[in-house]
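Notes follow once the structure below has been shown.
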Amino acid sequence: MLIGGHVSTAGGLVKAHERGVERGCDAIQVFNQSPRMWRPTTWKPNDVEAFLELMDDGPIKSVVIHAVYLINPGTKDKEMRKKSLASLTHSLRMGDAIGADGVVVHPGSRLKEPLDEALGRVGEMVREALAESDRCPLLLENTAGAGGTLGRTFAELYDVVRRAGGSKRIGICLDSCHMLASGFDIRDDAALAAVIDDCVAEFGLERLACIHVNDSQTPLGSNRDRHAPLGDGELGDKGCSAFLSEPRFEKLPAFFEGPGVEGKEPGAVDIARMRELRKKGLARRKRRAAAKKKARRK
Ligand SMILES: [Zn+2]
Ligand SMILES: [Zn+2]
């Protein structure tokens, strides 16, 4: 597992890389522009070039882009669709340029419209955005389930994959906080394993591309997206360590998005905590497997 955090790109990509290294990350997630504004920003060619060089043999092994929050691929509104598609396409092209392992996007909201039609619109936009870019994967993130948000269940997410044409470039990003908030009990190893069984049955393991490891301020099924520092929320040490040691997540980049213990952005303490929790989870699983083996021998 590549342990990482969301870092600011203030000052450019090289600066973002530096922040990742300072905090002890193996992977970084960045916004490709201000997440609450439509105005697209393009990284300077010399910044991109220097960043690619750093990524060649540096401590950071993976970079993922998070798309703008304003995007709503589920909307019916023409103007909004135009802006959303342009923004999503731009993110994917930036992803192509910097060799990103994916662009994470929230499937959006159906607002008051019927679910089926909204999912169809999301599929259509995903298909168009992929056609307008070359290589970068597009990762649909599960949502906390507030109001009419789309992508609350694996079936809903898979529906989008299918309607978008099933391209290999479509993957999913599972967020632990959103999962708990939308009603998936993932608070220990066994409960999480059962949920991931369902997920893999729906998607196949190869579409699992990225995880967001956030604790949740609000309880199971609350449908509210309020992140907490790792171990300080409803998932606690047990839930976070389970998520960080789930065998099927082993090859993925894992991002803590903040707020951290000391500030809004994940800091070195948060990344250290993440590693600690992962170690704890792995040790627990090892102990349990050994006990099982012993019991079988008797
Ligand atoms: Zn997330
Ligand atoms: Zn969130």
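Going by the structure tokens order, chains are called A, B, ..., each with residues numbered from 1, while ligands are numbered from 1 in the order shown.
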Can I get the residues of chain A within 8 Å of ligand 2, each with the closest pair of atoms and their distance in Å to one decimal, using only C-alpha atoms and all ligand atoms, sorted chain first then ascending number, as JSON lines?
{"residue": "A:Thr143", "atom": "CA", "partner": "ligand 2", "partner_atom_place_in_ligand_line": "1 (Zn)", "distance": 7.4}
{"residue": "A:Ala144", "atom": "CA", "partner": "ligand 2", "partner_atom_place_in_ligand_line": "1 (Zn)", "distance": 7.2}
{"residue": "A:Asp175", "atom": "CA", "partner": "ligand 2", "partner_atom_place_in_ligand_line": "1 (Zn)", "distance": 7.2}
{"residue": "A:Cys177", "atom": "CA", "partner": "ligand 2", "partner_atom_place_in_ligand_line": "1 (Zn)", "distance": 6.6}
{"residue": "A:His178", "atom": "CA", "partner": "ligand 2", "partner_atom_place_in_ligand_line": "1 (Zn)", "distance": 6.0}
{"residue": "A:Asn214", "atom": "CA", "partner": "ligand 2", "partner_atom_place_in_ligand_line": "1 (Zn)", "distance": 7.8}
{"residue": "A:Asp225", "atom": "CA", "partner": "ligand 2", "partner_atom_place_in_ligand_line": "1 (Zn)", "distance": 5.1}
{"residue": "A:Arg226", "atom": "CA", "partner": "ligand 2", "partner_atom_place_in_ligand_line": "1 (Zn)", "distance": 6.5}
{"residue": "A:His227", "atom": "CA", "partner": "ligand 2", "partner_atom_place_in_ligand_line": "1 (Zn)", "distance": 6.2}
Can you tell me which residues come within 12 Å of ligand 1 when counting only C-alpha atoms and all ligand atoms, ideally as an MDAnalysis selection string?
-> chainID A and resid 5:6 29:30 64:67 69 103:106 139:144 172:179 210:216 225:228 254:259
Might you pull out every residue within 7 Å of A:Ser222, with only C-alpha atoms counted and same-chain residues fewer than 2 positions away left off, and present them as a tab-separated table (two decimals) with C-alpha atoms, in the first residue's frame?
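Okay, this is what ended up in part_16.tsv:
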chain	number	residue	atom	x	y	z
A	181	ALA	CA	-21.79	7.66	6.57
A	182	SER	CA	-23.75	6.01	3.79
A	218	THR	CA	-20.69	11.44	12.25
A	219	PRO	CA	-22.05	7.94	12.91
A	220	LEU	CA	-22.96	4.99	10.71
A	224	ARG	CA	-23.04	13.40	6.35
Tell me, counting only C-alpha atoms, for each residue of stretch 131-167 of chain A within 12 Å of stretch 70-73 of chain A, which pair of atoms is nearest and how far apart they are in Å to one decimal, in rows ordered by chain and increasing number, as CSV.
residue,atom,partner,partner_atom,distance
A:Leu140,CA,A:Pro73,CA,11.1
A:Gly148,CA,A:Asn72,CA,11.5
A:Thr149,CA,A:Asn72,CA,9.7
A:Leu150,CA,A:Pro73,CA,9.6
A:Gly151,CA,A:Pro73,CA,11.5
A:Val160,CA,A:Pro73,CA,10.6
A:Ala164,CA,A:Pro73,CA,11.7
Of A:Ser245, A:Asn32, A:Ser167, A:Gln217, the one sitting nearest A:Leu277 when using only C-alpha atoms is A:Ser245
What lies within 9 Å of A:Ala155 using only C-alpha atoms, ignoring chain neighbours under 5 positions off, as a PyMOL selection string?
-> chain A and resi 160+199+202-203
Could you pull the residues within 12 Å of A:Gly11, counting only C-alpha atoms, minus those fewer than 5 positions along the same chain, as a list in words?
->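 Skipping anything fewer than 5 positions along the chain leaves Ala16, His17, Glu18, Arg19, Gln33, Trp43, Lys44 and Asp47 of chain A.
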As a PyMOL selection string, which residues of stretch 91-165 of chain A does DSSP assign to alpha helix (DSSP H)?
-> chain A and resi 91-98+115-131+154-163
Using DSSP on the backbone, list every residue of stretch 21-203 of chain A that comes out as strand (DSSP E or B), and give them as a list in words.
-> Ala27, Ile28, Gln29, Val30, Phe31, Ser62, Val63, Val64, Ile65, His66, Val103, Val104, Val105, Ser109, Leu138, Leu139, Leu140, Glu141, Thr149, Ile170, Gly171, Ile172, Cys173, Leu174 and Asp175 of chain A
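For A:Arg248, the list of residues within 10 Å, based on only C-alpha atoms and with local chain neighbours fewer than 4 positions off taken out, reads Met1, Ala193, Ile196, Asp197, Val200, Leu205, Leu208, Phe243 and Leu252 of chain A.
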Please produce a file of those selected residues containing N, CA and C atoms, as a PDB file, in the first residue's frame.
ATOM      1  N   MET A   1       0.841  -1.198   0.000  1.00  0.00           N
ATOM      2  CA  MET A   1       0.000   0.000   0.000  1.00  0.00           C
ATOM      3  C   MET A   1       0.876   1.248   0.000  1.00  0.00           C
ATOM      4  N   ALA A 193     -14.382  -6.787   5.458  1.00  0.00           N
ATOM      5  CA  ALA A 193     -14.158  -7.838   4.460  1.00  0.00           C
ATOM      6  C   ALA A 193     -15.459  -8.205   3.760  1.00  0.00           C
ATOM      7  N   ILE A 196     -16.339  -5.502   1.287  1.00  0.00           N
ATOM      8  CA  ILE A 196     -15.454  -5.527   0.115  1.00  0.00           C
ATOM      9  C   ILE A 196     -15.740  -6.752  -0.765  1.00  0.00           C
ATOM     10  N   ASP A 197     -16.207  -7.845  -0.156  1.00  0.00           N
ATOM     11  CA  ASP A 197     -16.659  -9.000  -0.958  1.00  0.00           C
ATOM     12  C   ASP A 197     -17.742  -8.543  -1.926  1.00  0.00           C
ATOM     13  N   VAL A 200     -16.293  -6.286  -4.689  1.00  0.00           N
ATOM     14  CA  VAL A 200     -15.534  -7.014  -5.697  1.00  0.00           C
ATOM     15  C   VAL A 200     -16.459  -7.850  -6.578  1.00  0.00           C
ATOM     16  N   LEU A 205     -11.963  -7.055  -8.982  1.00  0.00           N
ATOM     17  CA  LEU A 205     -10.894  -6.423  -8.214  1.00  0.00           C
ATOM     18  C   LEU A 205     -10.124  -5.376  -9.024  1.00  0.00           C
ATOM     19  N   LEU A 208     -10.818  -1.574  -8.594  1.00  0.00           N
ATOM     20  CA  LEU A 208     -10.472  -0.897  -7.336  1.00  0.00           C
ATOM     21  C   LEU A 208      -9.124  -0.208  -7.525  1.00  0.00           C
ATOM     22  N   PHE A 243      -9.182  -0.756   7.647  1.00  0.00           N
ATOM     23  CA  PHE A 243      -9.176  -0.233   6.279  1.00  0.00           C
ATOM     24  C   PHE A 243      -7.756  -0.212   5.714  1.00  0.00           C
ATOM     25  N   LEU A 252      -2.854  -0.515  -3.614  1.00  0.00           N
ATOM     26  CA  LEU A 252      -3.429   0.787  -3.970  1.00  0.00           C
ATOM     27  C   LEU A 252      -2.767   1.970  -3.267  1.00  0.00           C
TER      28      LEU A 252
END
